[in-house]
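Containing TSV, N, CA and C atoms: model.tsv.
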chain	number	residue	atom	x	y	z
A	123	MET	N	3.85	14.48	-16.75
A	123	MET	CA	3.13	13.27	-17.10
A	123	MET	C	3.15	12.32	-15.92
A	124	SER	N	2.01	11.78	-15.59
A	124	SER	CA	1.91	10.89	-14.44
A	124	SER	C	2.21	9.45	-14.85
A	125	LEU	N	2.99	8.81	-14.05
A	125	LEU	CA	3.31	7.40	-14.30
A	125	LEU	C	2.62	6.51	-13.28
A	126	ASN	N	1.48	6.97	-12.77
A	126	ASN	CA	0.83	6.27	-11.68
A	126	ASN	C	0.29	4.89	-12.07
A	127	ILE	N	0.21	4.58	-13.34
A	127	ILE	CA	-0.29	3.27	-13.75
A	127	ILE	C	0.59	2.16	-13.17
A	128	PHE	N	1.86	2.45	-13.04
A	128	PHE	CA	2.80	1.45	-12.59
A	128	PHE	C	2.96	1.39	-11.07
A	129	LEU	N	2.43	2.39	-10.36
A	129	LEU	CA	2.63	2.44	-8.93
A	129	LEU	C	1.87	1.31	-8.25
A	130	LYS	N	2.55	0.56	-7.44
A	130	LYS	CA	1.92	-0.53	-6.72
A	130	LYS	C	1.88	-0.19	-5.24
A	131	ILE	N	0.80	-0.51	-4.62
A	131	ILE	CA	0.69	-0.31	-3.19
A	131	ILE	C	0.41	-1.69	-2.61
A	132	SER	N	1.21	-2.09	-1.65
A	132	SER	CA	0.91	-3.36	-1.00
A	132	SER	C	0.68	-3.11	0.47
A	133	PHE	N	-0.21	-3.80	1.02
A	133	PHE	CA	-0.60	-3.63	2.40
A	133	PHE	C	-0.11	-4.80	3.23
A	134	ILE	N	0.08	-4.56	4.50
A	134	ILE	CA	0.51	-5.60	5.42
A	134	ILE	C	-0.57	-6.67	5.55
A	135	LEU	N	-1.78	-6.38	5.09
A	135	LEU	CA	-2.87	-7.35	5.13
A	135	LEU	C	-2.69	-8.44	4.08
A	136	CYS	N	-1.54	-8.44	3.42
A	136	CYS	CA	-1.20	-9.45	2.41
A	136	CYS	C	-2.02	-9.32	1.14
A	137	PHE	N	-2.33	-8.11	0.76
A	137	PHE	CA	-3.00	-7.88	-0.51
A	137	PHE	C	-2.15	-6.93	-1.34
A	138	MET	N	-2.13	-7.14	-2.62
A	138	MET	CA	-1.42	-6.25	-3.52
A	138	MET	C	-2.48	-5.58	-4.39
A	139	LEU	N	-2.43	-4.25	-4.48
A	139	LEU	CA	-3.36	-3.51	-5.31
A	139	LEU	C	-2.57	-2.71	-6.32
A	140	THR	N	-3.11	-2.56	-7.48
A	140	THR	CA	-2.52	-1.63	-8.44
A	140	THR	C	-3.52	-0.51	-8.67
A	141	ILE	N	-3.07	0.55	-9.27
A	141	ILE	CA	-3.91	1.71	-9.44
A	141	ILE	C	-5.16	1.42	-10.25
A	142	ASN	N	-5.10	0.48	-11.16
A	142	ASN	CA	-6.29	0.18	-11.96
A	142	ASN	C	-7.27	-0.74	-11.22
A	143	ALA	N	-7.11	-0.85	-9.92
A	143	ALA	CA	-8.04	-1.55	-9.02
A	143	ALA	C	-8.10	-3.05	-9.24
A	144	VAL	N	-7.12	-3.63	-9.88
A	144	VAL	CA	-7.08	-5.08	-9.99
A	144	VAL	C	-6.34	-5.59	-8.75
A	145	SER	N	-6.95	-6.49	-8.01
A	145	SER	CA	-6.29	-6.98	-6.80
A	145	SER	C	-5.99	-8.47	-6.95
A	146	GLN	N	-4.94	-8.88	-6.29
A	146	GLN	CA	-4.56	-10.27	-6.31
A	146	GLN	C	-3.82	-10.57	-5.01
A	147	PRO	N	-3.85	-11.80	-4.52
A	147	PRO	CA	-3.14	-12.12	-3.30
A	147	PRO	C	-1.64	-11.93	-3.47
A	148	ALA	N	-1.00	-11.56	-2.41
A	148	ALA	CA	0.46	-11.42	-2.38
A	148	ALA	C	0.93	-11.83	-1.00
A	149	TYR	N	2.21	-11.99	-0.84
A	149	TYR	CA	2.74	-12.38	0.45
A	149	TYR	C	3.06	-11.14	1.27
A	150	CYS	N	3.03	-11.27	2.58
A	150	CYS	CA	3.38	-10.15	3.46
A	150	CYS	C	4.84	-9.83	3.30
A	151	GLN	N	5.14	-8.54	3.20
A	151	GLN	CA	6.52	-8.13	3.06
A	151	GLN	C	7.03	-7.48	4.34
A	152	HIS	N	6.30	-7.58	5.42
A	152	HIS	CA	6.71	-6.96	6.67
A	152	HIS	C	7.84	-7.76	7.30
A	153	THR	N	8.89	-7.06	7.66
A	153	THR	CA	10.00	-7.71	8.36
A	153	THR	C	10.33	-6.90	9.60
A	154	ALA	N	11.05	-7.48	10.51
A	154	ALA	CA	11.37	-6.82	11.77
A	154	ALA	C	12.21	-5.56	11.55
A	155	ASP	N	12.99	-5.51	10.48
A	155	ASP	CA	13.86	-4.37	10.26
A	155	ASP	C	13.21	-3.26	9.42
A	156	THR	N	11.93	-3.40	9.09
A	156	THR	CA	11.23	-2.38	8.33
A	156	THR	C	10.90	-1.20	9.24
A	157	SER	N	11.23	0.00	8.80
A	157	SER	CA	10.91	1.21	9.56
A	157	SER	C	9.65	1.83	8.98
A	158	TRP	N	8.63	1.93	9.79
A	158	TRP	CA	7.37	2.52	9.37
A	158	TRP	C	7.35	3.97	9.80
A	159	VAL	N	7.01	4.87	8.91
A	159	VAL	CA	6.95	6.29	9.24
A	159	VAL	C	5.50	6.75	9.31
A	160	LYS	N	5.24	7.66	10.24
A	160	LYS	CA	3.89	8.19	10.41
A	160	LYS	C	3.73	9.48	9.60
A	161	LEU	N	2.52	9.71	9.19
A	161	LEU	CA	2.19	10.92	8.43
A	161	LEU	C	1.95	12.08	9.39
A	162	PHE	N	2.11	13.30	8.89
A	162	PHE	CA	1.94	14.49	9.70
A	162	PHE	C	0.82	15.36	9.13
A	163	LYS	N	0.09	16.06	10.02
A	163	LYS	CA	-0.93	17.00	9.54
A	163	LYS	C	-0.29	18.22	8.91
A	164	LYS	N	0.92	18.56	9.36
A	164	LYS	CA	1.72	19.62	8.75
A	164	LYS	C	3.10	19.06	8.51
A	165	LEU	N	3.71	19.48	7.43
A	165	LEU	CA	5.06	18.99	7.12
A	165	LEU	C	6.04	19.42	8.20
A	166	ASP	N	6.89	18.50	8.61
A	166	ASP	CA	7.97	18.85	9.53
A	166	ASP	C	9.22	19.10	8.70
A	167	GLY	N	10.35	19.30	9.33
A	167	GLY	CA	11.57	19.62	8.61
A	167	GLY	C	12.35	18.42	8.13
A	168	GLY	N	11.88	17.21	8.45
A	168	GLY	CA	12.65	16.01	8.14
A	168	GLY	C	12.33	15.40	6.79
A	169	PHE	N	13.24	14.50	6.39
A	169	PHE	CA	13.07	13.67	5.20
A	169	PHE	C	13.09	12.22	5.63
A	170	TYR	N	12.36	11.41	4.94
A	170	TYR	CA	12.38	9.98	5.17
A	170	TYR	C	12.84	9.32	3.88
A	171	TYR	N	13.59	8.27	4.00
A	171	TYR	CA	14.20	7.64	2.83
A	171	TYR	C	13.47	6.36	2.45
A	172	THR	N	13.39	6.13	1.15
A	172	THR	CA	12.83	4.86	0.68
A	172	THR	C	13.85	3.75	0.93
A	173	ILE	N	13.36	2.55	1.08
A	173	ILE	CA	14.19	1.36	1.26
A	173	ILE	C	13.95	0.47	0.06
A	174	GLY	N	14.95	0.31	-0.79
A	174	GLY	CA	14.77	-0.47	-2.01
A	174	GLY	C	13.70	0.11	-2.92
A	175	GLY	N	13.55	1.44	-2.90
A	175	GLY	CA	12.55	2.10	-3.74
A	175	GLY	C	11.15	2.10	-3.14
A	176	LYS	N	11.01	1.60	-1.90
A	176	LYS	CA	9.69	1.51	-1.26
A	176	LYS	C	9.63	2.42	-0.04
A	177	LEU	N	8.46	2.98	0.18
A	177	LEU	CA	8.22	3.83	1.33
A	177	LEU	C	7.21	3.12	2.23
A	178	PHE	N	7.57	2.92	3.49
A	178	PHE	CA	6.74	2.18	4.44
A	178	PHE	C	6.03	3.18	5.35
A	179	VAL	N	4.71	3.29	5.21
A	179	VAL	CA	3.93	4.31	5.88
A	179	VAL	C	2.94	3.67	6.84
A	180	GLN	N	2.84	4.25	8.03
A	180	GLN	CA	1.84	3.83	9.02
A	180	GLN	C	0.80	4.94	9.12
A	181	TYR	N	-0.48	4.59	8.95
A	181	TYR	CA	-1.58	5.55	9.04
A	181	TYR	C	-2.62	5.02	10.01
A	182	THR	N	-3.03	5.85	10.94
A	182	THR	CA	-4.07	5.45	11.90
A	182	THR	C	-5.41	6.00	11.42
A	183	GLY	N	-6.28	5.08	11.00
A	183	GLY	CA	-7.61	5.48	10.53
A	183	GLY	C	-8.51	5.80	11.70
A	184	GLU	N	-9.03	7.03	11.73
A	184	GLU	CA	-9.88	7.47	12.84
A	184	GLU	C	-11.36	7.29	12.54
A	185	TYR	N	-11.68	6.91	11.33
A	185	TYR	CA	-13.07	6.76	10.93
A	185	TYR	C	-13.31	5.34	10.45
A	186	ASN	N	-14.50	5.08	9.97
A	186	ASN	CA	-14.86	3.74	9.50
A	186	ASN	C	-13.98	3.29	8.34
A	187	ASN	N	-14.10	2.01	8.02
A	187	ASN	CA	-13.40	1.48	6.86
A	187	ASN	C	-13.82	2.27	5.62
A	188	GLY	N	-12.93	2.36	4.66
A	188	GLY	CA	-13.26	3.11	3.46
A	188	GLY	C	-12.07	3.26	2.56
A	189	SER	N	-11.99	4.40	1.91
A	189	SER	CA	-10.89	4.63	0.99
A	189	SER	C	-10.27	6.00	1.26
A	190	MET	N	-9.06	6.16	0.78
A	190	MET	CA	-8.33	7.42	0.88
A	190	MET	C	-7.69	7.68	-0.48
A	191	SER	N	-7.43	8.93	-0.75
A	191	SER	CA	-6.70	9.24	-1.98
A	191	SER	C	-5.29	9.68	-1.61
A	192	TYR	N	-4.38	9.51	-2.54
A	192	TYR	CA	-3.01	9.96	-2.30
A	192	TYR	C	-2.49	10.67	-3.53
A	193	ARG	N	-1.53	11.56	-3.29
A	193	ARG	CA	-0.85	12.29	-4.35
A	193	ARG	C	0.62	12.35	-4.00
A	194	VAL	N	1.46	12.32	-5.02
A	194	VAL	CA	2.90	12.48	-4.84
A	194	VAL	C	3.32	13.69	-5.65
A	195	TRP	N	3.87	14.68	-4.96
A	195	TRP	CA	4.29	15.94	-5.57
A	195	TRP	C	5.81	16.02	-5.58
A	196	ASP	N	6.37	16.56	-6.66
A	196	ASP	CA	7.81	16.82	-6.63
A	196	ASP	C	8.01	18.19	-5.99
A	197	TYR	N	9.27	18.62	-5.87
A	197	TYR	CA	9.54	19.87	-5.16
A	197	TYR	C	9.21	21.13	-5.95
A	198	ASN	N	8.83	20.98	-7.20
A	198	ASN	CA	8.32	22.11	-7.98
A	198	ASN	C	6.80	22.14	-7.96
A	199	ARG	N	6.22	21.31	-7.11
A	199	ARG	CA	4.77	21.17	-6.92
A	199	ARG	C	4.08	20.62	-8.17
A	200	ASN	N	4.80	19.77	-8.90
A	200	ASN	CA	4.20	19.05	-10.03
A	200	ASN	C	3.68	17.72	-9.52
A	201	LEU	N	2.48	17.37	-9.94
A	201	LEU	CA	1.89	16.10	-9.54
A	201	LEU	C	2.54	14.97	-10.33
A	202	ASP	N	3.20	14.03	-9.63
A	202	ASP	CA	3.88	12.93	-10.29
A	202	ASP	C	3.10	11.63	-10.26
A	203	SER	N	2.27	11.45	-9.26
A	203	SER	CA	1.52	10.21	-9.15
A	203	SER	C	0.31	10.45	-8.26
A	204	PHE	N	-0.74	9.67	-8.46
A	204	PHE	CA	-1.93	9.79	-7.63
A	204	PHE	C	-2.73	8.51	-7.72
A	205	GLY	N	-3.65	8.33	-6.82
A	205	GLY	CA	-4.49	7.14	-6.84
A	205	GLY	C	-5.37	7.06	-5.62
A	206	THR	N	-6.00	5.92	-5.45
A	206	THR	CA	-6.90	5.68	-4.34
A	206	THR	C	-6.48	4.42	-3.60
A	207	ILE	N	-6.49	4.50	-2.29
A	207	ILE	CA	-6.23	3.34	-1.44
A	207	ILE	C	-7.61	2.86	-1.00
A	208	THR	N	-8.01	1.69	-1.46
A	208	THR	CA	-9.39	1.25	-1.25
A	208	THR	C	-9.59	0.36	-0.03
A	209	THR	N	-8.52	-0.09	0.60
A	209	THR	CA	-8.68	-1.02	1.71
A	209	THR	C	-8.33	-0.41	3.05
A	210	LYS	N	-8.55	0.89	3.22
A	210	LYS	CA	-8.28	1.53	4.50
A	210	LYS	C	-9.26	1.00	5.54
A	211	LYS	N	-8.77	0.74	6.74
A	211	LYS	CA	-9.62	0.24	7.81
A	211	LYS	C	-9.48	1.14	9.02
A	212	TYR	N	-10.41	1.02	9.94
A	212	TYR	CA	-10.33	1.75	11.20
A	212	TYR	C	-9.13	1.24	11.98
A	213	GLY	N	-8.34	2.14	12.55
A	213	GLY	CA	-7.18	1.75	13.35
A	213	GLY	C	-5.90	1.76	12.53
A	214	ASP	N	-5.03	0.83	12.84
A	214	ASP	CA	-3.69	0.78	12.27
A	214	ASP	C	-3.70	0.27	10.83
A	215	ASN	N	-3.11	1.05	9.93
A	215	ASN	CA	-2.95	0.66	8.53
A	215	ASN	C	-1.48	0.76	8.18
A	216	ARG	N	-0.92	-0.27	7.60
A	216	ARG	CA	0.47	-0.27	7.15
A	216	ARG	C	0.45	-0.33	5.62
A	217	ILE	N	1.02	0.69	4.98
A	217	ILE	CA	0.96	0.82	3.53
A	217	ILE	C	2.37	0.84	2.99
A	218	ILE	N	2.62	0.04	1.96
A	218	ILE	CA	3.92	0.04	1.30
A	218	ILE	C	3.73	0.63	-0.09
A	219	PHE	N	4.34	1.79	-0.31
A	219	PHE	CA	4.33	2.42	-1.63
A	219	PHE	C	5.58	1.97	-2.37
A	220	ASP	N	5.40	1.31	-3.50
A	220	ASP	CA	6.52	0.85	-4.32
A	220	ASP	C	6.68	1.83	-5.48
A	221	PHE	N	7.71	2.68	-5.39
A	221	PHE	CA	7.93	3.70	-6.40
A	221	PHE	C	8.94	3.29	-7.46
A	222	ASN	N	9.43	2.08	-7.44
A	222	ASN	CA	10.38	1.62	-8.46
A	222	ASN	C	9.73	1.72	-9.83
A	223	CYS	N	10.47	2.26	-10.79
A	223	CYS	CA	10.01	2.44	-12.17
A	223	CYS	C	8.87	3.44	-12.29
A	224	VAL	N	8.65	4.25	-11.25
A	224	VAL	CA	7.57	5.24	-11.28
A	224	VAL	C	8.13	6.64	-11.15
A	225	LEU	N	9.00	6.85	-10.17
A	225	LEU	CA	9.56	8.17	-9.91
A	225	LEU	C	11.02	8.24	-10.31
A	226	TYR	N	11.47	9.45	-10.57
A	226	TYR	CA	12.90	9.69	-10.78
A	226	TYR	C	13.52	10.01	-9.42
A	227	ASN	N	14.78	9.71	-9.25
A	227	ASN	CA	15.45	9.97	-7.99
A	227	ASN	C	15.32	11.44	-7.62
A	228	GLY	N	14.99	11.69	-6.36
A	228	GLY	CA	14.82	13.06	-5.89
A	228	GLY	C	13.94	13.13	-4.67
A	229	LYS	N	13.57	14.34	-4.31
A	229	LYS	CA	12.76	14.58	-3.12
A	229	LYS	C	11.31	14.83	-3.52
A	230	TYR	N	10.39	14.29	-2.72
A	230	TYR	CA	8.97	14.35	-3.01
A	230	TYR	C	8.17	14.59	-1.74
A	231	ILE	N	6.90	14.92	-1.93
A	231	ILE	CA	5.96	15.05	-0.82
A	231	ILE	C	4.81	14.09	-1.09
A	232	LEU	N	4.52	13.23	-0.12
A	232	LEU	CA	3.37	12.34	-0.18
A	232	LEU	C	2.23	13.03	0.55
A	233	GLU	N	1.06	13.09	-0.08
A	233	GLU	CA	-0.13	13.69	0.52
A	233	GLU	C	-1.22	12.63	0.51
A	234	ILE	N	-1.80	12.37	1.66
A	234	ILE	CA	-2.91	11.42	1.76
A	234	ILE	C	-4.11	12.17	2.31
A	235	GLU	N	-5.26	11.96	1.66
A	235	GLU	CA	-6.50	12.62	2.08
A	235	GLU	C	-7.52	11.56	2.47
A	236	ASN	N	-8.04	11.66	3.70
A	236	ASN	CA	-9.03	10.67	4.15
A	236	ASN	C	-10.43	11.06	3.70
A	237	GLU	N	-11.41	10.25	4.10
A	237	GLU	CA	-12.79	10.45	3.64
A	237	GLU	C	-13.42	11.72	4.19
A	238	LYS	N	-12.85	12.32	5.21
A	238	LYS	CA	-13.35	13.57	5.78
A	238	LYS	C	-12.68	14.79	5.17
A	239	GLY	N	-11.77	14.58	4.20
A	239	GLY	CA	-11.07	15.68	3.57
A	239	GLY	C	-9.84	16.15	4.32
A	240	GLU	N	-9.47	15.46	5.40
A	240	GLU	CA	-8.27	15.80	6.15
A	240	GLU	C	-7.04	15.31	5.38
A	241	LYS	N	-6.00	16.15	5.36
A	241	LYS	CA	-4.80	15.81	4.61
A	241	LYS	C	-3.64	15.56	5.56
A	242	PHE	N	-2.81	14.58	5.19
A	242	PHE	CA	-1.62	14.21	5.95
A	242	PHE	C	-0.45	14.17	4.99
A	243	TYR	N	0.73	14.51	5.49
A	243	TYR	CA	1.89	14.71	4.61
A	243	TYR	C	3.13	13.98	5.12
A	244	LEU	N	4.04	13.78	4.16
A	244	LEU	CA	5.34	13.21	4.48
A	244	LEU	C	6.33	13.59	3.39
A	245	ARG	N	7.49	14.11	3.79
A	245	ARG	CA	8.57	14.38	2.83
A	245	ARG	C	9.42	13.14	2.73
A	246	PHE	N	9.78	12.77	1.50
A	246	PHE	CA	10.66	11.62	1.36
A	246	PHE	C	11.64	11.81	0.22
A	247	ASP	N	12.71	11.09	0.32
A	247	ASP	CA	13.78	11.12	-0.68
A	247	ASP	C	13.78	9.76	-1.37
A	248	TYR	N	13.48	9.77	-2.65
A	248	TYR	CA	13.43	8.52	-3.42
A	248	TYR	C	14.77	8.27	-4.09
A	249	ASP	N	15.31	7.10	-3.87
A	249	ASP	CA	16.54	6.66	-4.51
A	249	ASP	C	16.34	5.20	-4.90
A	250	GLY	N	15.84	4.99	-6.09
A	250	GLY	CA	15.53	3.63	-6.53
A	250	GLY	C	15.63	3.53	-8.04
A	251	GLN	N	14.96	2.54	-8.60
A	251	GLN	CA	15.02	2.31	-10.04
A	251	GLN	C	14.14	3.34	-10.74
A	252	GLU	N	14.75	4.11	-11.62
A	252	GLU	CA	14.01	5.14	-12.36
A	252	GLU	C	13.25	4.52	-13.53
A	253	PRO	N	12.21	5.22	-14.01
A	253	PRO	CA	11.46	4.71	-15.16
A	253	PRO	C	12.35	4.51	-16.38
A	254	ASP	N	12.26	3.33	-16.96
A	254	ASP	CA	13.03	2.99	-18.15
A	254	ASP	C	12.23	1.94	-18.90
A	255	PRO	N	11.84	2.21	-20.14
A	255	PRO	CA	10.99	1.27	-20.88
A	255	PRO	C	11.65	-0.09	-21.09
A	256	VAL	N	12.97	-0.16	-21.01
A	256	VAL	CA	13.65	-1.43	-21.23
A	256	VAL	C	13.63	-2.31	-19.98
A	257	THR	N	13.91	-1.71	-18.82
A	257	THR	CA	14.02	-2.50	-17.59
A	257	THR	C	12.76	-2.51	-16.76
A	258	CYS	N	11.82	-1.66	-17.03
A	258	CYS	CA	10.61	-1.61	-16.19
A	258	CYS	C	9.49	-2.33	-16.86
Once you've parsed the file, please lay out its structure as structure tokens.
Amino acid sequence: MSLNIFLKISFILCFMLTINAVSQPAYCQHTADTSWVKLFKKLDGGFYYTIGGKLFVQYTGEYNNGSMSYRVWDYNRNLDSFGTITTKKYGDNRIIFDFNCVLYNGKYILEIENEKGEKFYLRFDYDGQEPDPVTC
């Protein structure tokens, strides 16, 4: 079962988007100690860790402004979350995936597909607040 309704993506452009495409202003969460990880065309052997349940991703857009889709797979290749990033721009994009109350602790693969159908990947280890109807 996908819990993607709760997944929030915030961009360094100071916008907060939710999966249901409702947008509202938010403050920038970029700090000097934030580690941004780049996506790979093929998975490497490494893992990247979430910070406070968030994954900080840097994506370089090679094409015009547009949208990208993303999927989060667990290690049994079950789809846990998916959605569309609608504010992708040409050049540097900084994306914050907030997985708190969305994923269970464990290892996952993030897959992002651009408008040309090219896929980029990242392995990450989520250690944050798990879904709980009382606290989430």
| Distance CA of Leu165 in chain A-atom C of Asp214 in chain A, one decimal place? |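 Result for CA of Leu165 in chain A versus atom C of Asp214 in chain A: 21.0 Å, one decimal.
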| task | Work out how far atom N of Tyr230 in chain A is from atom C of Phe242 in chain A, in Å to one decimal. | result |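 About the pair atom C of Phe242 in chain A and atom N of Tyr230 in chain A: they are 13.3 Å apart.
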| task | Dig up all the protein and nucleic acid residues within 8 Å of (3.6, 14.7, -6.6) in the file frame, using only N, CA and C atoms, and format them as an MDAnalysis selection string. | result | chainID A and resid 192:197 199:204 230:233
| query | Which value, in Å to one decimal, gives the distance between atom C of Gly168 in chain A and atom C of Ser189 in chain A? | reply |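 Value for the atom C of Gly168 in chain A-atom C of Ser189 in chain A distance: 25.1 Å.
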| request: Check the DSSP output for the backbone and give back, as a VMD selection string, the residues of range 176-255 of chain A in strand (DSSP E). | output: chain A and resid 176 to 183 188 to 196 201 to 210 213 to 220 228 to 235 241 to 248
Closest atom pairs, residues of range 197-234 of chain A within 7 Å of range 169-175 of chain A, only N, CA and C atoms, as CSV:
residue,atom,partner,partner_atom,distance
A:Phe219,C,A:Gly175,C,5.6
A:Asp220,CA,A:Gly175,C,4.9
A:Phe221,N,A:Gly175,C,4.2
A:Asn222,N,A:Gly175,C,4.6
Write the residues of the preceding selection, restricted to N, CA and C atoms, as an mmCIF file, in the coordinates of the input.
data_model
loop_
_atom_site.group_PDB
_atom_site.id
_atom_site.type_symbol
_atom_site.label_atom_id
_atom_site.label_comp_id
_atom_site.auth_asym_id
_atom_site.auth_seq_id
_atom_site.Cartn_x
_atom_site.Cartn_y
_atom_site.Cartn_z
ATOM 1 N N PHE A 219 4.340 1.790 -0.310
ATOM 2 C CA PHE A 219 4.330 2.420 -1.630
ATOM 3 C C PHE A 219 5.580 1.970 -2.370
ATOM 4 N N ASP A 220 5.400 1.310 -3.500
ATOM 5 C CA ASP A 220 6.520 0.850 -4.320
ATOM 6 C C ASP A 220 6.680 1.830 -5.480
ATOM 7 N N PHE A 221 7.710 2.680 -5.390
ATOM 8 C CA PHE A 221 7.930 3.700 -6.400
ATOM 9 C C PHE A 221 8.940 3.290 -7.460
ATOM 10 N N ASN A 222 9.430 2.080 -7.440
ATOM 11 C CA ASN A 222 10.380 1.620 -8.460
ATOM 12 C C ASN A 222 9.730 1.720 -9.830
#
